[in-house]
Every structure is written in C-alpha cells, then in structure tokens.
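Q: Structure file model.csv (CSV, C-alpha atoms and all ligand atoms) is given on the next line.
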chain,number,residue,atom,x,y,z
Z,58,MET,CA,86.6,151.2,78.9
Z,59,ALA,CA,84.6,147.9,78.7
Z,60,GLN,CA,81.9,145.8,80.1
Z,61,ILE,CA,82.8,142.1,80.1
Z,62,ARG,CA,80.0,139.5,80.3
Z,63,ILE,CA,80.9,135.9,81.0
Z,64,GLU,CA,78.1,133.4,80.4
Z,65,ASN,CA,78.2,129.7,81.1
Z,66,ILE,CA,81.9,129.6,80.3
Z,67,ARG,CA,83.5,126.2,80.7
Z,68,LYS,CA,87.0,124.9,80.0
Z,69,ASP,CA,88.0,121.3,79.8
Z,70,PHE,CA,91.6,120.1,79.5
Z,71,GLY,CA,91.0,116.5,78.2
Z,72,SER,CA,88.8,114.8,80.8
Z,73,PHE,CA,89.6,117.4,83.5
Z,74,THR,CA,87.2,120.4,83.9
Z,75,ALA,CA,89.2,123.4,85.0
Z,76,VAL,CA,86.3,125.9,84.9
Z,77,GLN,CA,82.6,124.8,85.2
Z,78,SER,CA,79.8,126.9,83.8
Z,79,SER,CA,80.6,130.3,85.2
Z,80,THR,CA,78.5,133.4,84.7
Z,81,PHE,CA,79.2,136.9,85.9
Z,82,THR,CA,79.4,140.5,84.6
Z,83,ILE,CA,82.3,142.9,85.0
Z,84,GLU,CA,80.9,146.5,84.7
Z,85,ASP,CA,82.6,149.2,82.8
Z,86,GLY,CA,85.5,150.7,84.9
Z,87,GLU,CA,85.4,148.2,87.7
Z,88,PHE,CA,88.4,146.9,89.5
Z,89,PHE,CA,87.4,143.2,89.5
Z,90,MET,CA,89.0,140.4,91.5
Z,91,LEU,CA,89.1,136.7,90.6
Z,92,LEU,CA,89.9,135.1,93.9
Z,93,GLY,CA,90.5,131.5,95.0
Z,94,PRO,CA,93.0,129.0,96.1
Z,95,SER,CA,95.7,127.5,93.9
Z,96,GLY,CA,94.2,125.5,91.0
Z,97,CYS,CA,90.7,126.8,91.3
Z,98,GLY,CA,90.6,127.9,87.7
Z,99,LYS,CA,91.0,131.7,88.1
Z,100,THR,CA,94.0,132.0,85.7
Z,101,THR,CA,92.2,129.8,83.1
Z,102,THR,CA,89.1,132.1,83.4
Z,103,LEU,CA,91.3,135.2,82.9
Z,104,ARG,CA,93.1,133.6,80.0
Z,105,MET,CA,89.7,132.9,78.3
Z,106,MET,CA,88.7,136.5,78.8
Z,107,ALA,CA,92.0,137.7,77.3
Z,108,GLY,CA,91.8,135.3,74.3
Z,109,LEU,CA,94.8,133.3,75.3
Z,110,GLU,CA,92.7,130.2,75.9
Z,111,LEU,CA,89.6,129.1,73.9
Z,112,PRO,CA,86.6,128.1,76.1
Z,113,THR,CA,85.1,124.7,75.6
Z,114,SER,CA,81.7,126.3,75.7
Z,115,GLY,CA,80.0,129.5,76.7
Z,116,SER,CA,80.2,133.0,75.6
Z,117,ILE,CA,82.3,136.1,76.4
Z,118,HIS,CA,81.0,139.5,75.4
Z,119,ILE,CA,83.1,142.6,75.6
Z,120,ASP,CA,80.9,145.7,75.2
Z,121,GLY,CA,78.2,143.5,73.8
Z,122,GLU,CA,80.4,141.9,71.1
Z,123,GLU,CA,80.9,138.1,71.3
Z,124,VAL,CA,84.7,137.5,71.4
Z,125,ALA,CA,85.0,134.0,72.8
Z,126,GLN,CA,86.5,132.6,69.6
Z,127,LYS,CA,88.6,135.7,68.8
Z,128,PRO,CA,92.3,135.9,69.4
Z,129,ALA,CA,93.8,138.2,72.0
Z,130,SER,CA,95.0,140.7,69.3
Z,131,GLN,CA,91.5,141.5,68.3
Z,132,ARG,CA,90.2,142.2,71.8
Z,133,ASP,CA,91.9,145.6,72.6
Z,134,ILE,CA,93.0,144.5,76.0
Z,135,ALA,CA,96.4,144.6,77.8
Z,136,PHE,CA,97.6,141.6,79.7
Z,137,VAL,CA,100.0,142.5,82.5
Z,138,PHE,CA,101.5,139.0,83.1
Z,139,GLN,CA,104.4,139.8,85.4
Z,140,MET,CA,105.3,143.4,86.0
Z,141,PHE,CA,109.0,142.8,85.8
Z,142,ALA,CA,108.9,141.6,82.2
Z,143,LEU,CA,110.7,144.6,80.6
Z,144,TYR,CA,113.0,144.7,77.6
Z,145,PRO,CA,116.4,145.0,79.3
Z,146,HIS,CA,118.4,146.5,76.4
Z,147,MET,CA,116.0,149.5,76.1
Z,148,ASN,CA,115.7,152.6,78.2
Z,149,VAL,CA,112.5,153.4,80.1
Z,150,GLY,CA,111.0,155.6,77.4
Z,151,ARG,CA,111.6,153.0,74.7
Z,152,ASN,CA,110.1,150.3,76.9
Z,153,ILE,CA,106.9,152.3,77.2
Z,154,SER,CA,106.8,153.5,73.6
Z,155,TYR,CA,107.5,150.0,72.1
Z,156,PRO,CA,103.8,148.9,71.8
Z,157,LEU,CA,102.9,152.1,70.0
Z,158,LEU,CA,105.8,152.1,67.6
Z,159,SER,CA,105.3,148.5,66.8
Z,160,GLN,CA,101.7,149.4,65.8
Z,161,GLY,CA,103.1,152.0,63.4
Z,162,MET,CA,102.3,155.1,65.4
Z,163,PRO,CA,104.4,158.2,64.2
Z,164,LYS,CA,107.3,158.9,66.6
Z,165,ALA,CA,106.2,162.3,67.7
Z,166,GLU,CA,102.7,161.1,68.7
Z,167,ALA,CA,104.2,158.2,70.5
Z,168,LYS,CA,106.5,160.5,72.4
Z,169,ALA,CA,103.7,162.7,73.5
Z,170,ARG,CA,101.7,159.7,74.7
Z,171,VAL,CA,104.7,158.3,76.6
Z,172,LEU,CA,105.2,161.6,78.4
Z,173,GLU,CA,101.5,161.7,79.4
Z,174,VAL,CA,101.7,158.2,80.8
Z,175,ALA,CA,105.0,158.8,82.5
Z,176,LYS,CA,103.5,161.8,84.3
Z,177,ILE,CA,100.5,159.7,85.5
Z,178,LEU,CA,103.0,157.2,86.9
Z,179,GLY,CA,105.5,159.9,88.3
Z,180,ILE,CA,108.4,158.6,86.2
Z,181,GLU,CA,108.9,161.4,83.7
Z,182,ASN,CA,112.4,162.2,85.1
Z,183,ILE,CA,113.8,158.7,84.4
Z,184,LEU,CA,112.7,158.2,80.8
Z,185,ASP,CA,116.3,158.1,79.5
Z,186,ARG,CA,117.6,155.7,82.1
Z,187,PRO,CA,118.3,152.0,81.3
Z,188,VAL,CA,115.8,149.8,83.0
Z,189,GLY,CA,118.6,147.6,84.4
Z,190,GLY,CA,119.5,149.9,87.3
Z,191,LEU,CA,115.9,150.8,88.4
Z,192,SER,CA,114.4,150.0,91.8
Z,193,GLY,CA,111.7,147.4,92.0
Z,194,GLY,CA,109.0,150.0,92.3
Z,195,ASP,CA,110.1,151.9,89.2
Z,196,ARG,CA,110.4,148.7,87.2
Z,197,GLN,CA,106.8,148.0,88.1
Z,198,ARG,CA,105.7,151.5,87.1
Z,199,VAL,CA,107.5,151.1,83.7
Z,200,ALA,CA,105.8,147.8,83.1
Z,201,LEU,CA,102.4,149.4,83.9
Z,202,GLY,CA,103.3,152.3,81.6
Z,203,ARG,CA,103.8,149.9,78.8
Z,204,ALA,CA,100.4,148.4,79.5
Z,205,ILE,CA,98.4,151.6,79.8
Z,206,VAL,CA,100.1,153.6,76.9
Z,207,ARG,CA,98.0,151.8,74.3
Z,208,ARG,CA,94.8,152.9,76.1
Z,209,PRO,CA,93.3,149.4,76.0
Z,210,LYS,CA,89.6,148.8,76.9
Z,211,ALA,CA,90.6,146.6,79.8
Z,212,PHE,CA,93.6,145.4,81.8
Z,213,PHE,CA,94.1,141.8,82.8
Z,214,MET,CA,96.6,141.1,85.6
Z,215,ASP,CA,97.6,137.7,87.0
Z,216,GLU,CA,99.0,137.9,90.5
Z,217,PRO,CA,101.0,141.0,89.5
Z,218,LEU,CA,102.4,141.6,93.0
Z,219,GLY,CA,102.9,137.9,93.8
Z,220,ALA,CA,106.7,138.1,93.8
Z,221,LEU,CA,107.0,141.1,96.1
Z,222,ASP,CA,107.7,141.2,99.9
Z,223,ALA,CA,104.7,142.1,102.1
Z,224,GLU,CA,105.5,145.7,102.8
Z,225,PHE,CA,106.3,146.6,99.2
Z,226,ARG,CA,103.4,144.6,98.0
Z,227,GLU,CA,101.0,146.7,100.1
Z,228,HIS,CA,102.5,149.9,98.8
Z,229,MET,CA,102.2,148.8,95.1
Z,230,ALA,CA,98.6,147.6,95.7
Z,231,GLU,CA,97.7,151.1,96.8
Z,232,GLU,CA,99.5,152.6,93.9
Z,233,LEU,CA,97.8,150.2,91.4
Z,234,ARG,CA,94.3,151.0,92.9
Z,235,ALA,CA,95.0,154.8,92.7
Z,236,LEU,CA,96.2,154.4,89.1
Z,237,HIS,CA,93.0,152.6,88.3
Z,238,ASP,CA,90.9,155.3,89.9
Z,239,ARG,CA,92.8,157.9,87.8
Z,240,ILE,CA,92.5,156.2,84.4
Z,241,GLY,CA,89.2,154.3,85.1
Z,242,ALA,CA,89.8,151.4,82.7
Z,243,THR,CA,88.1,148.0,83.6
Z,244,THR,CA,90.7,145.9,85.4
Z,245,VAL,CA,90.5,142.2,86.0
Z,246,TYR,CA,92.9,141.0,88.6
Z,247,VAL,CA,93.7,137.4,89.7
Z,248,THR,CA,94.8,136.7,93.3
Z,249,HIS,CA,94.7,134.0,95.9
Z,250,ASP,CA,95.1,136.6,98.6
Z,251,GLN,CA,91.7,137.3,100.2
Z,252,LEU,CA,93.0,140.5,101.9
Z,253,GLU,CA,94.3,141.9,98.7
Z,254,ALA,CA,91.0,141.1,97.0
Z,255,MET,CA,89.0,142.7,99.8
Z,256,GLN,CA,91.2,145.8,99.9
Z,257,MET,CA,91.5,146.5,96.2
Z,258,GLY,CA,88.3,145.1,94.6
Z,259,ASP,CA,85.1,146.8,93.6
Z,260,LYS,CA,83.7,143.3,93.1
Z,261,ILE,CA,85.0,139.8,93.7
Z,262,VAL,CA,84.3,136.4,92.2
Z,263,VAL,CA,85.3,133.7,94.6
Z,264,MET,CA,86.2,130.4,92.8
Z,265,ASN,CA,86.8,126.9,94.1
Z,266,HIS,CA,87.4,123.7,92.1
Z,267,GLY,CA,86.4,125.5,88.9
Z,268,VAL,CA,83.1,126.7,90.3
Z,269,VAL,CA,82.0,130.3,91.1
Z,270,GLU,CA,81.1,130.1,94.7
Z,271,GLN,CA,80.0,133.8,95.0
Z,272,PHE,CA,80.1,137.0,93.1
Z,273,GLY,CA,79.5,140.4,94.7
Z,274,VAL,CA,81.0,143.5,96.5
Z,275,PRO,CA,83.6,142.7,99.2
Z,276,GLN,CA,81.3,143.7,102.1
Z,277,ASP,CA,78.5,141.4,101.0
Z,278,ILE,CA,80.8,138.5,100.5
Z,279,TYR,CA,82.3,139.1,104.0
Z,280,ASP,CA,79.0,139.6,105.7
Z,281,TRP,CA,76.8,137.2,103.8
Z,282,PRO,CA,78.9,134.3,102.5
Z,283,ALA,CA,76.9,132.1,100.1
Z,284,THR,CA,78.8,129.0,101.1
Z,285,MET,CA,80.9,127.6,103.9
Z,286,PHE,CA,83.9,127.6,101.6
Z,287,VAL,CA,83.6,131.4,101.1
Z,288,ALA,CA,83.0,131.9,104.9
Z,289,ASP,CA,86.2,130.0,105.6
Z,290,PHE,CA,88.3,131.4,102.8
Z,291,ILE,CA,87.5,135.1,103.5
Z,292,GLY,CA,88.4,136.7,106.8
Z,293,SER,CA,91.3,136.3,109.1
Z,294,PRO,CA,90.6,134.4,111.3
Z,295,PRO,CA,87.8,133.0,109.2
Z,296,MET,CA,84.1,132.5,110.2
Z,297,GLY,CA,83.6,130.1,113.1
Z,298,PHE,CA,81.2,127.1,112.6
Z,299,LEU,CA,79.0,125.5,115.2
Z,300,ARG,CA,77.6,122.2,114.0
Z,301,PHE,CA,74.2,121.0,115.3
Z,302,GLN,CA,71.2,118.9,114.4
Z,303,GLY,CA,68.1,121.0,114.2
Z,304,LEU,CA,65.4,122.8,112.4
Z,305,VAL,CA,65.2,126.3,110.9
Z,306,GLY,CA,62.7,128.3,108.9
Z,307,ASN,CA,58.9,128.7,109.1
Z,308,GLY,CA,59.3,132.2,110.6
Z,309,ALA,CA,61.3,130.9,113.6
Z,310,ASP,CA,63.8,133.4,115.0
Z,311,ARG,CA,65.9,131.0,117.1
Z,312,VAL,CA,67.6,127.7,116.9
Z,313,ARG,CA,68.3,125.1,119.6
Z,314,LEU,CA,71.9,124.3,120.3
Z,315,GLY,CA,72.0,121.7,123.1
Z,316,ASP,CA,69.7,123.1,125.7
Z,317,CYS,CA,70.1,126.8,124.7
Z,318,ASP,CA,67.9,128.8,122.4
Z,319,ILE,CA,70.1,131.0,120.2
Z,320,PRO,CA,68.5,134.0,118.4
Z,321,VAL,CA,69.1,133.9,114.7
Z,322,PRO,CA,67.8,136.0,111.7
Z,323,VAL,CA,64.4,134.8,110.4
Z,324,GLN,CA,65.0,132.4,107.5
Z,325,ARG,CA,62.9,132.4,104.4
Z,326,GLU,CA,64.3,129.0,103.5
Z,327,GLY,CA,63.5,126.1,105.9
Z,328,ALA,CA,65.8,123.2,106.6
Z,329,GLU,CA,66.1,120.3,109.0
Z,330,GLY,CA,68.9,118.0,109.9
Z,331,ALA,CA,72.6,118.7,110.0
Z,332,LEU,CA,73.0,122.5,110.2
Z,333,VAL,CA,75.8,124.9,110.8
Z,334,LEU,CA,75.7,128.2,112.6
Z,335,GLY,CA,78.4,130.6,111.2
Z,336,ILE,CA,79.6,133.6,113.1
Z,337,ARG,CA,82.6,135.8,112.6
Z,338,PRO,CA,85.1,136.3,115.5
Z,339,GLU,CA,84.1,140.0,116.0
Z,340,HIS,CA,80.5,139.1,116.5
Z,341,VAL,CA,81.1,136.6,119.4
Z,342,HIS,CA,80.7,138.4,122.7
Z,343,LEU,CA,81.5,137.3,126.3
Z,344,ASP,CA,78.5,137.5,128.6
Z,345,ASP,CA,78.6,135.9,132.0
Z,346,ALA,CA,74.8,135.7,132.1
Z,347,ALA,CA,74.5,134.0,128.7
Z,348,PRO,CA,73.5,130.3,129.0
Z,349,TYR,CA,75.6,129.1,126.0
Z,350,ARG,CA,78.9,128.1,127.6
Z,351,ALA,CA,82.4,127.6,126.3
Z,352,GLU,CA,85.8,126.9,127.6
Z,353,VAL,CA,88.7,129.3,126.9
Z,354,LEU,CA,91.5,127.3,125.2
Z,355,ALA,CA,94.0,130.0,124.3
Z,356,ALA,CA,94.4,133.7,123.6
Z,357,GLU,CA,96.6,135.3,120.9
Z,358,TYR,CA,97.6,138.8,121.7
Z,359,LEU,CA,97.4,141.2,118.7
Z,360,GLY,CA,97.9,144.6,120.2
Z,361,THR,CA,94.6,146.3,120.5
Z,362,THR,CA,92.7,143.0,120.1
Z,363,GLN,CA,93.2,139.4,121.0
Z,364,ILE,CA,91.9,136.3,119.3
Z,365,VAL,CA,90.5,133.9,121.8
Z,366,THR,CA,89.9,130.2,120.9
Z,367,LEU,CA,86.9,128.7,122.5
Z,368,ARG,CA,85.7,125.1,122.9
Z,369,THR,CA,81.9,124.7,122.7
Z,370,ALA,CA,79.8,121.5,122.7
Z,371,HIS,CA,79.4,122.2,118.9
Z,372,GLY,CA,83.0,122.8,117.8
Z,373,LEU,CA,85.8,125.3,118.2
Z,374,ILE,CA,85.3,129.0,117.4
Z,375,LYS,CA,87.3,132.1,117.8
Z,376,ALA,CA,86.3,135.5,119.3
Z,377,ARG,CA,88.0,138.8,118.6
Z,378,LEU,CA,88.0,140.7,121.9
Z,379,PRO,CA,89.6,143.9,123.2
Z,380,SER,CA,93.0,143.0,124.6
Z,381,SER,CA,91.8,144.6,127.9
Z,382,THR,CA,89.2,141.8,128.4
Z,383,PRO,CA,90.7,139.4,130.9
Z,384,VAL,CA,90.5,135.7,129.8
Z,385,ARG,CA,92.3,132.7,131.3
Z,386,ALA,CA,92.9,129.4,129.6
Z,387,GLY,CA,90.6,126.7,131.2
Z,388,GLU,CA,88.0,129.3,132.3
Z,389,GLN,CA,84.3,128.6,131.6
Z,390,ILE,CA,82.4,131.6,130.1
Z,391,GLY,CA,79.1,132.5,128.5
Z,392,LEU,CA,78.9,133.4,124.9
Z,393,ARG,CA,76.4,135.7,123.1
Z,394,PHE,CA,76.3,136.0,119.3
Z,395,ASP,CA,75.1,139.1,117.5
Z,396,PRO,CA,71.9,137.5,115.9
Z,397,ARG,CA,72.0,139.9,112.9
Z,398,LYS,CA,75.5,138.6,112.0
Z,399,ILE,CA,74.7,134.9,112.0
Z,400,THR,CA,74.7,132.9,108.8
Z,401,LEU,CA,73.1,129.4,108.8
Z,402,PHE,CA,74.3,126.7,106.4
Z,403,ARG,CA,73.1,123.3,105.5
Z,404,ALA,CA,76.0,121.0,106.4
Z,405,ASP,CA,75.5,118.6,103.5
Z,406,LYS,CA,75.7,121.1,100.7
Z,407,GLY,CA,77.6,123.8,102.5
Z,408,ARG,CA,75.2,126.4,101.2
Z,409,ALA,CA,73.9,129.4,103.2
Z,410,LEU,CA,70.2,129.5,104.0
Z,411,ARG,CA,68.6,132.8,103.2
L,501,LIG,P1,97.2,129.1,90.4
L,501,LIG,O1,97.0,130.2,91.3
L,501,LIG,O2,97.9,127.9,91.0
L,501,LIG,O3,97.7,129.4,89.1
L,501,LIG,P2,94.5,129.0,89.3
L,501,LIG,O4,93.4,129.1,90.2
L,501,LIG,O5,94.9,130.1,88.5
L,501,LIG,O6,95.7,128.5,90.2
L,501,LIG,P3,94.4,127.6,86.9
L,501,LIG,O7,95.8,127.9,86.5
L,501,LIG,O8,93.3,128.2,86.1
L,501,LIG,O9,94.3,127.7,88.4
L,501,LIG,O10,94.3,126.0,86.7
L,501,LIG,C1,93.1,125.3,87.0
L,501,LIG,C2,93.3,123.8,86.9
L,501,LIG,O11,93.5,123.5,85.5
L,501,LIG,C3,94.6,123.3,87.6
L,501,LIG,O12,94.3,122.1,88.1
L,501,LIG,C4,95.6,123.2,86.4
L,501,LIG,O13,96.5,122.1,86.7
L,501,LIG,C5,94.7,122.9,85.3
L,501,LIG,N1,95.3,123.3,84.0
L,501,LIG,C6,95.5,124.6,83.7
L,501,LIG,N2,96.0,124.7,82.5
L,501,LIG,C7,96.1,123.5,82.0
L,501,LIG,C8,96.5,122.9,80.7
L,501,LIG,N3,97.0,123.7,79.7
L,501,LIG,N4,96.4,121.6,80.6
L,501,LIG,C9,95.9,120.8,81.6
L,501,LIG,N5,95.5,121.3,82.7
L,501,LIG,C10,95.6,122.6,83.0
Once you've parsed the file, please lay out its structure as structure tokens.

A:
Amino acid sequence: MAQIRIENIRKDFGSFTAVQSSTFTIEDGEFFMLLGPSGCGKTTTLRMMAGLELPTSGSIHIDGEEVAQKPASQRDIAFVFQMFALYPHMNVGRNISYPLLSQGMPKAEAKARVLEVAKILGIENILDRPVGGLSGGDRQRVALGRAIVRRPKAFFMDEPLGALDAEFREHMAEELRALHDRIGATTVYVTHDQLEAMQMGDKIVVMNHGVVEQFGVPQDIYDWPATMFVADFIGSPPMGFLRFQGLVGNGADRVRLGDCDIPVPVQREGAEGALVLGIRPEHVHLDDAAPYRAEVLAAEYLGTTQIVTLRTAHGLIKARLPSSTPVRAGEQIGLRFDPRKITLFRADKGRALR
C-alpha cells in the first residue's frame, strides 16, 4: 500500500504545457480518480506518477520517498494499460505467473500465489485454459490477476474499461471496485467519464487544460464545485447557470435577479459585477407563488422523473421534477431554488465564491 504525494508537478512538451503545477495527495488504500475531458493532461499525470514520463519540474513522493526521477521499475507499482493485453500463446495460469517467474520467483511459490489471486478473482477453474477462447470478462480478470499477483504498492489504470459496451462496463466497474475493497491497494484510475468517477472513486481530481480544477470526495465536488467548469462537467444534466449583474457578500443572504430577491447562502467572499448563480436541476422547484418566473420550453420524460428546460430572463436552466408534475411547453411558471444548494460564481474567473 502507498501514499502518493504530487507537488507542483509540471510537464512541458516543447513549448506546450500539458500539466501545470498540480498538487494533491492520494492516501494509502484510496481508489483515486483522475477525471477530465480529452487532452486535459490526466494520462500525462498518471504516466509521471508511474515513472513512464519525467516531469519537467515538481516532486512525486511514494510513501515519503522522492521518486520523480526514478524509472517505473524502481517504483513497485503495476500499470494496467489495457486490460485485454494478454500473452495469447500462454494459458491463464502462465499469463498470471509470468511477472513472478520473470522476477526469478521459485515455481512452487509462484504457483501458490497464482492460486490465491485466481481465487480472489473467481477464475481458479480456468487456469489451464488458453486465453484465446475466454469471454471478455474472464480476459479482464486474467489481466487484473497479472497486475495484482506481484502485490505492488499501487495500481495505475488508464481508462481500463474504455473499450467495453455500457452494460458490461458497469458490471466490470463494480467488480473492480469490489476487488479494490478486498485487496486495499492504492489505485489511481484515469477516466473522462464523470459518472464512472463519481460511482467508483473515494476521491477525484478534476483536470482541465492541464490544471487541477478541484480535488476532493465525490459528494463535495458535486455539491460544492470550485469552478464553473467542474459544475458543468459533473452531473447529468449539469448545473444550471443564471447570469446577472449584482453584488454579493458583506453578510447579505440574498441576491437581486431582475426585480426578484433570491435567497442565497451567506458569502464570506464579496464580489460585484458579472456574477453567476449555479443550481443543480434537482434543486429547482416549481412554485406558483414564487415571483421568479420562467417559461417551460420542453420536458424530457425519464420514467420516474422528467427533465424540464426553462427559459428565464437570465438564461436557460433545467429542473428535475417528478414525472407526475404536469408541465406544458409555453406555460409561465414560478421557480424557487433551494438556497442551501446555490453556488455563486464570478463570471470572469469562473471561480466559486465561498
Ligand atoms: P486523453 O483522454 O485524450 O488521453 P488526457 O487528458 O489523458 O487525454 P494527455 O494524454 O495527458 O491527456 O495529453 C495532454 C496533452 O498533452 C494533449 O494535448 C496531448 O496532445 C499532449 N501530449 C501528450 N503526450 C505528448 C507528447 N509525447 N508529445 C507532445 N504532446 C503530448
């Protein structure tokens, strides 16, 4: 098991900066997600932790030891690139034992270890089978077996489920998380899928354009996004934004949108000018008596709930309502926002006011 501390890590490729001065800590035994859109620098960050890429500057400590300039082979980690990368000419048992035998472990000891890992993964009855004929799920289990058999301090996985169809992907995600909970080794997992990150991660780093936008537990990132990018990237549908000119702070517990006073959490930080009120769809409520008005544009039926798109004087937002709530396109309705669930942002910097 391992604690991994990343401090001011930066990576330039020529004049292009792929990762800018990132700092965060992965605690021992955590399932840690590096999340962000394509090209945001998450793979580069993972490769620097793994020793496959040298940082331009900054430090990486694994269990207190500085490893930034050490090669991957000296870091005692396992990189699961792509779960399907097996040796096709070997059977299941040999695929799993390969890393041990190539390190010079005696055959009997390796065999015992392979059996132990196969039991954890539920594949002890297929150890003699050629990998060629295995189902996708079993191939994934074998690839995982090969990674965990060495008992590395940490596992690094780069979009390991990326190639799978949705249903199977969800199943393997659950299995992977359960496996982690059984063996408890620190796992760093790269994904661009916010749902996968929210469901599987103990903690998440959200990256954008090489910058760490936010770092924390899934619930905090969802409830208290630090930036408009995070608010928009996490959640489906994402947080809605109402843009207005105004003033917050100084102990005030409301903001003025048009001619309506909207209750908001009391801000410690004051700001004036172009502001944004962020609210998630499940915290937008219909209330005929509410003075803040909107026009219903469309409703998307989702079974027990519906997503209703609303036009306000300050932009479009969405509400998640019970399907039983009657709404008609074109209708004018009153909106009430749960004040405890509002996040205010400065429009220019896109940063949340706290
Ligand atoms: P993806 O999900 O598409 O892999 P990512 O978030 O993992 O995206 P990275 O692979 O870390 O992103 O790449 C970040 C940026 O750095 C990208 O713009 C990429 O083109 C660039 N980059 C990555 N490796 C190199 C390299 N060896 N040389 C030059 N540029 C690179």

Q: Compute the set of protein, DNA and RNA residues whose minimum atom distance to ligand LIG 501 (chain L) is at most 6 Å, using all atoms listed in the file, and state it as a PDB file with C-alpha atoms, keeping the file's coordinate frame.

A:
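Okay, selection05.pdb is ready:
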ATOM      1  CA  PHE Z  70      91.600 120.100  79.500  1.00  0.00           C
ATOM      2  CA  ALA Z  75      89.200 123.400  85.000  1.00  0.00           C
ATOM      3  CA  PRO Z  94      93.000 129.000  96.100  1.00  0.00           C
ATOM      4  CA  SER Z  95      95.700 127.500  93.900  1.00  0.00           C
ATOM      5  CA  GLY Z  96      94.200 125.500  91.000  1.00  0.00           C
ATOM      6  CA  CYS Z  97      90.700 126.800  91.300  1.00  0.00           C
ATOM      7  CA  GLY Z  98      90.600 127.900  87.700  1.00  0.00           C
ATOM      8  CA  LYS Z  99      91.000 131.700  88.100  1.00  0.00           C
ATOM      9  CA  THR Z 100      94.000 132.000  85.700  1.00  0.00           C
ATOM     10  CA  THR Z 101      92.200 129.800  83.100  1.00  0.00           C
TER      11      THR Z 101
END

Q: If we count only C-alpha atoms and set the cut-off at 12 Å, which residues sit around range 319-322 of chain Z, ignoring sequence neighbours fewer than 2 positions away in its own chain? Please answer as number ranges by chain.

A: Z: 299, 301, 303-317, 324-326, 333-336, 347-350, 392-401, 410-411

Q: How many Å lie between CA of Thr361 in chain Z and CA of Glu339 in chain Z, rounded to one decimal?

A: 13.0 Å

Q: So that I can check the surroundings of range 231-238 of chain Z, please list as a PDB file with C-alpha atoms, in the coordinates of the input every protein, DNA and RNA residue that reaches within 12 Å of it, counting all atoms listed in the file and ignoring chain neighbours fewer than 2 positions away.

A:
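Output file out30.pdb is given in full below:
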ATOM      1  CA  MET Z  58      86.600 151.200  78.900  1.00  0.00           C
ATOM      2  CA  GLY Z  86      85.500 150.700  84.900  1.00  0.00           C
ATOM      3  CA  GLU Z  87      85.400 148.200  87.700  1.00  0.00           C
ATOM      4  CA  PHE Z  88      88.400 146.900  89.500  1.00  0.00           C
ATOM      5  CA  PHE Z  89      87.400 143.200  89.500  1.00  0.00           C
ATOM      6  CA  MET Z  90      89.000 140.400  91.500  1.00  0.00           C
ATOM      7  CA  VAL Z 137     100.000 142.500  82.500  1.00  0.00           C
ATOM      8  CA  MET Z 140     105.300 143.400  86.000  1.00  0.00           C
ATOM      9  CA  VAL Z 174     101.700 158.200  80.800  1.00  0.00           C
ATOM     10  CA  ALA Z 175     105.000 158.800  82.500  1.00  0.00           C
ATOM     11  CA  LYS Z 176     103.500 161.800  84.300  1.00  0.00           C
ATOM     12  CA  ILE Z 177     100.500 159.700  85.500  1.00  0.00           C
ATOM     13  CA  LEU Z 178     103.000 157.200  86.900  1.00  0.00           C
ATOM     14  CA  GLY Z 179     105.500 159.900  88.300  1.00  0.00           C
ATOM     15  CA  GLY Z 194     109.000 150.000  92.300  1.00  0.00           C
ATOM     16  CA  ASP Z 195     110.100 151.900  89.200  1.00  0.00           C
ATOM     17  CA  GLN Z 197     106.800 148.000  88.100  1.00  0.00           C
ATOM     18  CA  ARG Z 198     105.700 151.500  87.100  1.00  0.00           C
ATOM     19  CA  ALA Z 200     105.800 147.800  83.100  1.00  0.00           C
ATOM     20  CA  LEU Z 201     102.400 149.400  83.900  1.00  0.00           C
ATOM     21  CA  GLY Z 202     103.300 152.300  81.600  1.00  0.00           C
ATOM     22  CA  ILE Z 205      98.400 151.600  79.800  1.00  0.00           C
ATOM     23  CA  ALA Z 211      90.600 146.600  79.800  1.00  0.00           C
ATOM     24  CA  PHE Z 212      93.600 145.400  81.800  1.00  0.00           C
ATOM     25  CA  MET Z 214      96.600 141.100  85.600  1.00  0.00           C
ATOM     26  CA  PRO Z 217     101.000 141.000  89.500  1.00  0.00           C
ATOM     27  CA  LEU Z 218     102.400 141.600  93.000  1.00  0.00           C
ATOM     28  CA  GLU Z 224     105.500 145.700 102.800  1.00  0.00           C
ATOM     29  CA  PHE Z 225     106.300 146.600  99.200  1.00  0.00           C
ATOM     30  CA  ARG Z 226     103.400 144.600  98.000  1.00  0.00           C
ATOM     31  CA  GLU Z 227     101.000 146.700 100.100  1.00  0.00           C
ATOM     32  CA  HIS Z 228     102.500 149.900  98.800  1.00  0.00           C
ATOM     33  CA  MET Z 229     102.200 148.800  95.100  1.00  0.00           C
ATOM     34  CA  ILE Z 240      92.500 156.200  84.400  1.00  0.00           C
ATOM     35  CA  GLY Z 241      89.200 154.300  85.100  1.00  0.00           C
ATOM     36  CA  ALA Z 242      89.800 151.400  82.700  1.00  0.00           C
ATOM     37  CA  THR Z 243      88.100 148.000  83.600  1.00  0.00           C
ATOM     38  CA  THR Z 244      90.700 145.900  85.400  1.00  0.00           C
ATOM     39  CA  VAL Z 245      90.500 142.200  86.000  1.00  0.00           C
ATOM     40  CA  TYR Z 246      92.900 141.000  88.600  1.00  0.00           C
ATOM     41  CA  GLU Z 253      94.300 141.900  98.700  1.00  0.00           C
ATOM     42  CA  ALA Z 254      91.000 141.100  97.000  1.00  0.00           C
ATOM     43  CA  GLN Z 256      91.200 145.800  99.900  1.00  0.00           C
ATOM     44  CA  MET Z 257      91.500 146.500  96.200  1.00  0.00           C
ATOM     45  CA  GLY Z 258      88.300 145.100  94.600  1.00  0.00           C
ATOM     46  CA  ASP Z 259      85.100 146.800  93.600  1.00  0.00           C
TER      47      ASP Z 259
END

Q: Measuring between only C-alpha atoms, which one of Z:His342, Z:Lys260, Z:Arg408, Z:Arg62 shows the shortest distance to Gly121 in chain Z?

A: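 Under the stated criterion, the closest residue is Z:Arg62.
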
Q: Using all atoms listed in the file, determine which residues lie at most 6 Å from Gln302 in chain Z, disregarding the query and same-chain residues fewer than 2 positions distant; provide the list as number ranges by chain.

A: Z: 330-332

Q: Write out as a list of chain:residue names each polymer residue whose atoms come within 12 Å of Gly190 in chain Z, counting only C-alpha atoms; drop sequence neighbours fewer than 6 positions from it.

A: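 My reading of the contact set: Z:Pro145, Z:His146, Z:Met147, Z:Asn148, Z:Val149, Z:Ile183, Z:Arg196.
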
Q: To one decimal in Å, tell me the separation between CA of Gly292 in chain Z and CA of Ile364 in chain Z.

A: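 CA of Ile364 in chain Z lies at a distance of 13.0 Å from CA of Gly292 in chain Z.
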
Q: How many Å separate CA of Arg104 in chain Z from CA of Leu158 in chain Z?

A: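 Distance between the two atoms: 25.6 Å.
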
Q: So which one's closest to Lys68 in chain Z, Z:Leu184, Z:Met162, Z:Val268, Z:Ala129? Using only C-alpha atoms, please.

A: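 The closest residue to Lys68 in chain Z is Z:Val268.
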
Q: Restricting the calculation to all atoms listed in the file: of Z:Gly150, Z:Pro209, Z:Gly115, Z:Gly161, which residue gets closest to Arg132 in chain Z?

A: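 Of all the options, Z:Pro209 lies closest to Arg132 in chain Z.
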
Q: Using all atoms listed in the file, pick whichever of Z:Thr113, Z:Gln60, Z:Thr382, Z:Thr366 has the shortest atom-to-atom distance to Ser72 in chain Z.

A: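 Using all atoms listed in the file, the shortest distance to Ser72 in chain Z belongs to Z:Thr113.
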